[in-house]
Amino acid sequence: MSITAQSVWNNCLNFIKDNIQPQAYKTWFEPIMAVKLTDNALSVQVPSKFFYEWLEEHYVKILKVALTKELGETAKLVYIIKMENTYGNKQPFTEKIPSSNRSAVKSQDVDVPLKNRDRELRNPFVIPGIRNVKIESQLNPNYNFDNFLEGDSNRLARSAGLAVSAKPGGTSFNPLLIFGGVGLGKTHLAHAIGVDIKDKYPEKTVLYISAEKFTQQYIDSVKKNNRNDFIHFYQLIDVLVIDDVQFLSGKSGTQDVFFHIFNHLHQNGKQVILTSDKAPVDMQDIEQRLLSRFKWGLSAELQTPDFETRVSILKNKLYRDGVEMPDDIIEYVAKHIKSNIRELEGAIISLIAQSSFNKKEINIELAKQVVEKFVKNTKREVSIDYIQKVVSDYFQMDVDTLQSKTRKRHIVQARQLAMFFAKKLTKASLASIGSQIGKRDHATVLHACKTVDNLSSTDKQFRKYVEDLTKKLSV
Ligand code: ADP
Ligand code: MG
């Protein structure tokens, strides 16, 4: 019987299977393919660079034993890394197994005898005692659950956060993705979860980091030639919180490295918490494989808070700061600043400051001045309600008709235009636009946007509608 790559590898697998956990075997050995055998070098294909690093890190000993049994002391192992996301690329690139320097070098079929490797296989980062090195969590204790007030707008996200902090990595909310517009509490909630976990499980390594800083660290690591250390550092974390992942848009290197870190953490039952200003369906320039990971867990939206919630957030803030303020002033502020909790707080702070510096009494007049400044300074975002009103008026129908289920052409068109402008002029997600314009789903909204794009380039009359409405809606 001739010895083939396949038969050698099968024997190795049988040996390995008997010596490691079934789950580990399934995860790390089943995906490997034996490719060729030349002399005593066996080439195997692994799905990714990360995979190769992991094997080297954890299974090099057993691989060596197995392969030596089959091919003798001079046995060699060559990894061929299947390029991710490139189909039809017939030329695999081969990874050298560096002997002293573990930073991988791209080259052609270079291999190193197993014999020389095992003693030198040390990862500079995963050294004995690394667990004792304290990783600062970077959490802000002022952002906690106690002062994250509950309301309809955040109930789902808040309770998912509580579930995660009760059992990090142990719920199906992994990753937990919190998304929503600016100033709606994403960062606050993300910290709160981390703070609560640290409280309940002090031994767990929790790390909060903004996607921006993560990217910067990654770039530095590439410059300094210690990308592997960077990856390994993140693989040590039990609970990883990455804020504002939309920042990774278009940054494929960082996305790639995050993908590997994510997979590692997820496979090992570690918790990942992400925030973003958009729902996964609306994210652009984020690789599909990463987006699909985001969808594995739960995406919970932070919506704009209703009036009652805004009032209670303000009252809570004032109470904590030991400031008293008449109810009608609080309500005035809450009534006029709707779409951003940070601005809501900002207005109250500036109101307090105004009154104490200028020794003015806090009255409605002062509140009006302050709020006006706030509302003016922030570029006013038209609301979806307003868009629907303007579009309905323009076509001389009422909003109910625009939202109705009818398939009459002119009504369908009006509805599609409303969806198109909602997408264009607000930060609302497709799903949220759909739910506000006649309870449609995100696919319908997406279709509407495409239809409007198409029609306005092919249909003169339709283009006129778009132009007129653009004028009416411009603020
Ligand atoms: P985002 O990250 O979504 O832009 P932040 O988390 O920075 O928003 O929140 C903006 C401000 O609003 C913070 O000061 C935060 O404490 C406050 N805030 C947001 N949501 C709540 C809430 N539910 N209860 C109390 N304060 C809140
Ligand atoms: Mg934030």
# chains A, B, ... in the order shown; residues from 1 in each chain; ligands from 1
call {"tool": "residues_near_ligand", "arguments": {"ligand": "ligand 2", "cutoff": "8 Å", "atoms": "only C-alpha atoms and all ligand atoms", "output": "VMD selection string"}}
result
chain A and resid 182 to 183 185 to 188 243 to 244 275
call {"tool": "residues_around", "arguments": {"residues": "Ile330 (chain A)", "least_positions_apart": "2", "cutoff": "9 Å", "atoms": "only C-alpha atoms", "output": "mmCIF file with N, CA and C atoms, in the first residue's frame"}}
result
data_model
loop_
_atom_site.group_PDB
_atom_site.id
_atom_site.type_symbol
_atom_site.label_atom_id
_atom_site.label_comp_id
_atom_site.auth_asym_id
_atom_site.auth_seq_id
_atom_site.Cartn_x
_atom_site.Cartn_y
_atom_site.Cartn_z
ATOM 1 N N VAL A 311 -37.782 63.189 31.251
ATOM 2 C CA VAL A 311 -37.979 63.906 32.514
ATOM 3 C C VAL A 311 -37.283 63.164 33.654
ATOM 4 N N LEU A 314 -33.546 63.624 33.612
ATOM 5 C CA LEU A 314 -33.169 64.955 34.098
ATOM 6 C C LEU A 314 -33.294 65.054 35.609
ATOM 7 N N LYS A 315 -34.407 64.563 36.124
ATOM 8 C CA LYS A 315 -34.622 64.661 37.573
ATOM 9 C C LYS A 315 -33.553 63.882 38.322
ATOM 10 N N MET A 325 -34.777 72.199 40.943
ATOM 11 C CA MET A 325 -35.264 72.964 39.803
ATOM 12 C C MET A 325 -36.767 72.743 39.682
ATOM 13 N N PRO A 326 -37.494 73.814 39.397
ATOM 14 C CA PRO A 326 -38.952 73.654 39.306
ATOM 15 C C PRO A 326 -39.337 72.674 38.195
ATOM 16 N N ASP A 327 -40.411 71.947 38.437
ATOM 17 C CA ASP A 327 -40.868 70.941 37.472
ATOM 18 C C ASP A 327 -41.140 71.520 36.086
ATOM 19 N N ASP A 328 -41.746 72.736 36.064
ATOM 20 C CA ASP A 328 -42.118 73.249 34.738
ATOM 21 C C ASP A 328 -40.877 73.540 33.889
ATOM 22 N N TYR A 332 -40.032 71.736 30.435
ATOM 23 C CA TYR A 332 -39.800 72.547 29.242
ATOM 24 C C TYR A 332 -38.571 72.024 28.473
ATOM 25 N N VAL A 333 -37.515 71.799 29.223
ATOM 26 C CA VAL A 333 -36.286 71.293 28.589
ATOM 27 C C VAL A 333 -36.547 69.926 27.954
ATOM 28 N N ALA A 334 -37.191 69.046 28.705
ATOM 29 C CA ALA A 334 -37.450 67.686 28.201
ATOM 30 C C ALA A 334 -38.342 67.723 26.966
ATOM 31 N N LYS A 335 -39.209 68.706 26.914
ATOM 32 C CA LYS A 335 -40.130 68.779 25.790
ATOM 33 C C LYS A 335 -39.412 69.202 24.514
ATOM 34 N N ILE A 348 -29.368 71.237 30.701
ATOM 35 C CA ILE A 348 -29.607 71.424 32.139
ATOM 36 C C ILE A 348 -28.358 71.976 32.819
ATOM 37 N N ALA A 367 -34.724 79.332 30.577
ATOM 38 C CA ALA A 367 -34.765 77.985 29.985
ATOM 39 C C ALA A 367 -34.928 78.085 28.477
#
call {"tool": "residues_near_ligand", "arguments": {"ligand": "ligand 1", "cutoff": "10 Å", "atoms": "only C-alpha atoms and all ligand atoms", "output": "CSV table (one decimal) with C-alpha atoms, in the first residue's frame"}}
result
chain,number,residue,atom,x,y,z
A,142,ASN,CA,-19.7,56.5,36.9
A,143,TYR,CA,-21.5,54.7,34.1
A,144,ASN,CA,-23.4,52.0,35.9
A,145,PHE,CA,-26.8,50.4,35.9
A,146,ASP,CA,-28.0,52.4,38.9
A,147,ASN,CA,-27.8,55.7,37.0
A,148,PHE,CA,-28.9,54.2,33.7
A,149,LEU,CA,-32.6,54.9,33.9
A,150,GLU,CA,-35.0,52.5,32.4
A,151,GLY,CA,-37.7,53.5,29.8
A,152,ASP,CA,-39.5,51.9,26.9
A,153,SER,CA,-36.7,53.2,24.6
A,154,ASN,CA,-34.0,51.2,26.3
A,155,ARG,CA,-35.8,48.3,28.0
A,158,ARG,CA,-30.9,47.3,29.3
A,178,ILE,CA,-26.1,47.7,21.3
A,179,PHE,CA,-26.9,50.2,18.6
A,180,GLY,CA,-28.6,53.6,18.3
A,181,GLY,CA,-28.1,57.2,17.5
A,182,VAL,CA,-25.7,59.7,19.0
A,183,GLY,CA,-26.1,60.4,22.7
A,184,LEU,CA,-28.6,57.7,23.4
A,185,GLY,CA,-26.6,55.9,26.0
A,186,LYS,CA,-24.6,53.2,24.1
A,187,THR,CA,-21.3,54.0,25.8
A,188,HIS,CA,-23.0,54.4,29.2
A,189,LEU,CA,-24.7,51.0,28.9
A,190,ALA,CA,-21.6,49.3,27.6
A,191,HIS,CA,-19.6,50.5,30.7
A,192,ALA,CA,-22.5,49.6,33.0
A,243,ASP,CA,-17.4,50.8,21.5
A,244,ASP,CA,-18.4,52.3,18.2
A,275,THR,CA,-21.8,49.2,20.3
A,276,SER,CA,-22.6,50.8,17.0
A,277,ASP,CA,-24.5,53.8,15.7
A,302,LEU,CA,-31.5,52.2,22.0
A,303,GLN,CA,-34.2,54.4,20.7
A,304,THR,CA,-34.9,58.0,21.4
A,305,PRO,CA,-36.4,58.2,24.9
A,309,THR,CA,-38.0,59.0,30.4
A,310,ARG,CA,-36.4,62.3,29.5
A,312,SER,CA,-36.8,61.2,34.8
A,313,ILE,CA,-33.3,61.2,33.4
A,314,LEU,CA,-33.2,65.0,34.1
A,315,LYS,CA,-34.6,64.7,37.6
A,316,ASN,CA,-32.2,61.9,38.4
A,317,LYS,CA,-29.3,64.0,37.2
A,340,ASN,CA,-30.1,63.2,22.3
A,341,ILE,CA,-29.7,62.5,26.0
A,342,ARG,CA,-26.3,64.1,26.1
A,343,GLU,CA,-27.8,67.4,24.8
A,344,LEU,CA,-30.5,67.1,27.3
A,345,GLU,CA,-28.0,66.9,30.1
A,346,GLY,CA,-25.9,69.6,28.5
call {"tool": "select_by_dssp", "arguments": {"residues": "region 262-444 of chain A", "states": "helix (DSSP H, G or I)", "output": "JSON, numbers by chain"}}
result
{"A": [262, 263, 264, 265, 266, 267, 280, 281, 282, 288, 289, 290, 291, 292, 293, 294, 307, 308, 309, 310, 311, 312, 313, 314, 315, 316, 317, 318, 319, 320, 321, 327, 328, 329, 330, 331, 332, 333, 334, 335, 336, 341, 342, 343, 344, 345, 346, 347, 348, 349, 350, 351, 352, 353, 354, 355, 356, 357, 364, 365, 366, 367, 368, 369, 370, 371, 372, 373, 374, 375, 376, 377, 384, 385, 386, 387, 388, 389, 390, 391, 392, 393, 394, 399, 400, 401, 402, 403, 409, 410, 411, 412, 413, 414, 415, 416, 417, 418, 419, 420, 421, 422, 423, 424, 425, 430, 431, 432, 433, 434, 435, 436, 442, 443, 444]}
call {"tool": "closest_residue", "arguments": {"among": "A:Val46, A:Phe420, A:Trp9, A:Ile273", "to": "Ala157 (chain A)", "atoms": "only C-alpha atoms"}}
result
A:Ile273
call {"tool": "residues_around", "arguments": {"residues": "Leu417 (chain A)", "least_positions_apart": "2", "cutoff": "8 Å", "atoms": "only C-alpha atoms", "output": "PyMOL selection string"}}
result
chain A and resi 391+413-415+419-421+448-449+452+466
call {"tool": "closest_residue", "arguments": {"among": "A:Lys64, A:Arg289, A:Lys472, A:His260", "to": "Ile231 (chain A)", "atoms": "only C-alpha atoms"}}
result
A:His260
call {"tool": "closest_residue", "arguments": {"among": "A:Ile329, A:Val281, A:Val370, A:Ser350", "to": "Leu430 (chain A)", "atoms": "only C-alpha atoms"}}
result
A:Val281
call {"tool": "decode", "arguments": {"residues": "region 333-345 of chain A", "atoms": "all heavy atoms", "output": "PDB file, in the first residue's frame"}}
result
ATOM      1  N   VAL A 333     -37.515  71.799  29.223  1.00  0.00           N
ATOM      2  CA  VAL A 333     -36.286  71.293  28.589  1.00  0.00           C
ATOM      3  C   VAL A 333     -36.547  69.926  27.954  1.00  0.00           C
ATOM      4  O   VAL A 333     -36.181  69.673  26.794  1.00  0.00           O
ATOM      5  CB  VAL A 333     -35.125  71.214  29.613  1.00  0.00           C
ATOM      6  CG1 VAL A 333     -33.893  70.568  28.989  1.00  0.00           C
ATOM      7  CG2 VAL A 333     -34.786  72.602  30.131  1.00  0.00           C
ATOM      8  N   ALA A 334     -37.191  69.046  28.705  1.00  0.00           N
ATOM      9  CA  ALA A 334     -37.450  67.686  28.201  1.00  0.00           C
ATOM     10  C   ALA A 334     -38.342  67.723  26.966  1.00  0.00           C
ATOM     11  O   ALA A 334     -38.231  66.885  26.075  1.00  0.00           O
ATOM     12  CB  ALA A 334     -38.096  66.834  29.287  1.00  0.00           C
ATOM     13  N   LYS A 335     -39.209  68.706  26.914  1.00  0.00           N
ATOM     14  CA  LYS A 335     -40.130  68.779  25.790  1.00  0.00           C
ATOM     15  C   LYS A 335     -39.412  69.202  24.514  1.00  0.00           C
ATOM     16  O   LYS A 335     -39.747  68.763  23.422  1.00  0.00           O
ATOM     17  CB  LYS A 335     -41.239  69.792  26.134  1.00  0.00           C
ATOM     18  CG  LYS A 335     -42.355  69.827  25.137  1.00  0.00           C
ATOM     19  CD  LYS A 335     -43.599  70.473  25.704  1.00  0.00           C
ATOM     20  CE  LYS A 335     -44.614  70.648  24.601  1.00  0.00           C
ATOM     21  NZ  LYS A 335     -44.910  72.056  24.312  1.00  0.00           N
ATOM     22  N   HIS A 336     -38.406  70.052  24.678  1.00  0.00           N
ATOM     23  CA  HIS A 336     -37.778  70.621  23.495  1.00  0.00           C
ATOM     24  C   HIS A 336     -36.507  69.919  23.035  1.00  0.00           C
ATOM     25  O   HIS A 336     -36.077  70.109  21.902  1.00  0.00           O
ATOM     26  CB  HIS A 336     -37.519  72.117  23.711  1.00  0.00           C
ATOM     27  CG  HIS A 336     -38.787  72.904  23.699  1.00  0.00           C
ATOM     28  ND1 HIS A 336     -39.546  73.107  24.829  1.00  0.00           N
ATOM     29  CD2 HIS A 336     -39.468  73.478  22.684  1.00  0.00           C
ATOM     30  CE1 HIS A 336     -40.624  73.796  24.523  1.00  0.00           C
ATOM     31  NE2 HIS A 336     -40.600  74.040  23.215  1.00  0.00           N
ATOM     32  N   ILE A 337     -35.897  69.179  23.899  1.00  0.00           N
ATOM     33  CA  ILE A 337     -34.700  68.440  23.458  1.00  0.00           C
ATOM     34  C   ILE A 337     -35.023  66.964  23.496  1.00  0.00           C
ATOM     35  O   ILE A 337     -35.182  66.376  24.560  1.00  0.00           O
ATOM     36  CB  ILE A 337     -33.476  68.785  24.330  1.00  0.00           C
ATOM     37  CG1 ILE A 337     -33.240  70.300  24.223  1.00  0.00           C
ATOM     38  CG2 ILE A 337     -32.245  68.015  23.853  1.00  0.00           C
ATOM     39  CD1 ILE A 337     -32.029  70.790  24.945  1.00  0.00           C
ATOM     40  N   LYS A 338     -35.155  66.390  22.310  1.00  0.00           N
ATOM     41  CA  LYS A 338     -35.752  65.054  22.252  1.00  0.00           C
ATOM     42  C   LYS A 338     -34.824  63.955  21.817  1.00  0.00           C
ATOM     43  O   LYS A 338     -34.993  62.808  22.196  1.00  0.00           O
ATOM     44  CB  LYS A 338     -36.906  65.063  21.230  1.00  0.00           C
ATOM     45  CG  LYS A 338     -38.016  65.995  21.552  1.00  0.00           C
ATOM     46  CD  LYS A 338     -39.036  65.927  20.435  1.00  0.00           C
ATOM     47  CE  LYS A 338     -39.953  67.124  20.503  1.00  0.00           C
ATOM     48  NZ  LYS A 338     -40.718  67.267  19.268  1.00  0.00           N
ATOM     49  N   SER A 339     -33.872  64.303  20.970  1.00  0.00           N
ATOM     50  CA  SER A 339     -33.256  63.204  20.238  1.00  0.00           C
ATOM     51  C   SER A 339     -31.878  62.830  20.751  1.00  0.00           C
ATOM     52  O   SER A 339     -31.192  62.029  20.157  1.00  0.00           O
ATOM     53  CB  SER A 339     -33.163  63.566  18.759  1.00  0.00           C
ATOM     54  OG  SER A 339     -32.405  64.741  18.635  1.00  0.00           O
ATOM     55  N   ASN A 340     -31.479  63.401  21.875  1.00  0.00           N
ATOM     56  CA  ASN A 340     -30.109  63.171  22.301  1.00  0.00           C
ATOM     57  C   ASN A 340     -30.001  63.441  23.803  1.00  0.00           C
ATOM     58  O   ASN A 340     -30.198  64.557  24.258  1.00  0.00           O
ATOM     59  CB  ASN A 340     -29.210  64.121  21.499  1.00  0.00           C
ATOM     60  CG  ASN A 340     -27.742  63.905  21.763  1.00  0.00           C
ATOM     61  OD1 ASN A 340     -27.343  63.580  22.883  1.00  0.00           O
ATOM     62  ND2 ASN A 340     -26.941  64.089  20.737  1.00  0.00           N
ATOM     63  N   ILE A 341     -29.709  62.392  24.560  1.00  0.00           N
ATOM     64  CA  ILE A 341     -29.676  62.533  26.021  1.00  0.00           C
ATOM     65  C   ILE A 341     -28.492  63.384  26.461  1.00  0.00           C
ATOM     66  O   ILE A 341     -28.550  64.104  27.433  1.00  0.00           O
ATOM     67  CB  ILE A 341     -29.663  61.140  26.697  1.00  0.00           C
ATOM     68  CG1 ILE A 341     -30.937  60.387  26.329  1.00  0.00           C
ATOM     69  CG2 ILE A 341     -29.543  61.262  28.216  1.00  0.00           C
ATOM     70  CD1 ILE A 341     -30.976  58.951  26.774  1.00  0.00           C
ATOM     71  N   ARG A 342     -27.414  63.301  25.703  1.00  0.00           N
ATOM     72  CA  ARG A 342     -26.251  64.117  26.052  1.00  0.00           C
ATOM     73  C   ARG A 342     -26.614  65.596  25.984  1.00  0.00           C
ATOM     74  O   ARG A 342     -26.256  66.385  26.850  1.00  0.00           O
ATOM     75  CB  ARG A 342     -25.086  63.801  25.118  1.00  0.00           C
ATOM     76  CG  ARG A 342     -23.775  64.395  25.612  1.00  0.00           C
ATOM     77  CD  ARG A 342     -22.614  64.027  24.718  1.00  0.00           C
ATOM     78  NE  ARG A 342     -22.359  62.600  24.710  1.00  0.00           N
ATOM     79  CZ  ARG A 342     -22.253  61.871  23.614  1.00  0.00           C
ATOM     80  NH1 ARG A 342     -22.388  62.448  22.441  1.00  0.00           N
ATOM     81  NH2 ARG A 342     -22.014  60.594  23.684  1.00  0.00           N
ATOM     82  N   GLU A 343     -27.355  65.990  24.944  1.00  0.00           N
ATOM     83  CA  GLU A 343     -27.761  67.392  24.825  1.00  0.00           C
ATOM     84  C   GLU A 343     -28.740  67.781  25.921  1.00  0.00           C
ATOM     85  O   GLU A 343     -28.724  68.904  26.421  1.00  0.00           O
ATOM     86  CB  GLU A 343     -28.418  67.616  23.463  1.00  0.00           C
ATOM     87  CG  GLU A 343     -27.392  67.739  22.371  1.00  0.00           C
ATOM     88  CD  GLU A 343     -28.028  67.859  21.003  1.00  0.00           C
ATOM     89  OE1 GLU A 343     -29.279  67.961  20.923  1.00  0.00           O
ATOM     90  OE2 GLU A 343     -27.280  67.819  20.022  1.00  0.00           O
ATOM     91  N   LEU A 344     -29.570  66.836  26.262  1.00  0.00           N
ATOM     92  CA  LEU A 344     -30.541  67.070  27.321  1.00  0.00           C
ATOM     93  C   LEU A 344     -29.794  67.428  28.612  1.00  0.00           C
ATOM     94  O   LEU A 344     -30.090  68.427  29.273  1.00  0.00           O
ATOM     95  CB  LEU A 344     -31.343  65.777  27.516  1.00  0.00           C
ATOM     96  CG  LEU A 344     -32.664  65.821  28.254  1.00  0.00           C
ATOM     97  CD1 LEU A 344     -33.630  66.726  27.531  1.00  0.00           C
ATOM     98  CD2 LEU A 344     -33.242  64.403  28.340  1.00  0.00           C
ATOM     99  N   GLU A 345     -28.798  66.630  28.908  1.00  0.00           N
ATOM    100  CA  GLU A 345     -27.995  66.900  30.104  1.00  0.00           C
ATOM    101  C   GLU A 345     -27.231  68.204  29.954  1.00  0.00           C
ATOM    102  O   GLU A 345     -27.125  68.990  30.902  1.00  0.00           O
ATOM    103  CB  GLU A 345     -26.986  65.767  30.330  1.00  0.00           C
ATOM    104  CG  GLU A 345     -27.616  64.469  30.753  1.00  0.00           C
ATOM    105  CD  GLU A 345     -26.563  63.386  31.006  1.00  0.00           C
ATOM    106  OE1 GLU A 345     -25.423  63.525  30.514  1.00  0.00           O
ATOM    107  OE2 GLU A 345     -26.903  62.417  31.687  1.00  0.00           O
TER     108      GLU A 345
END
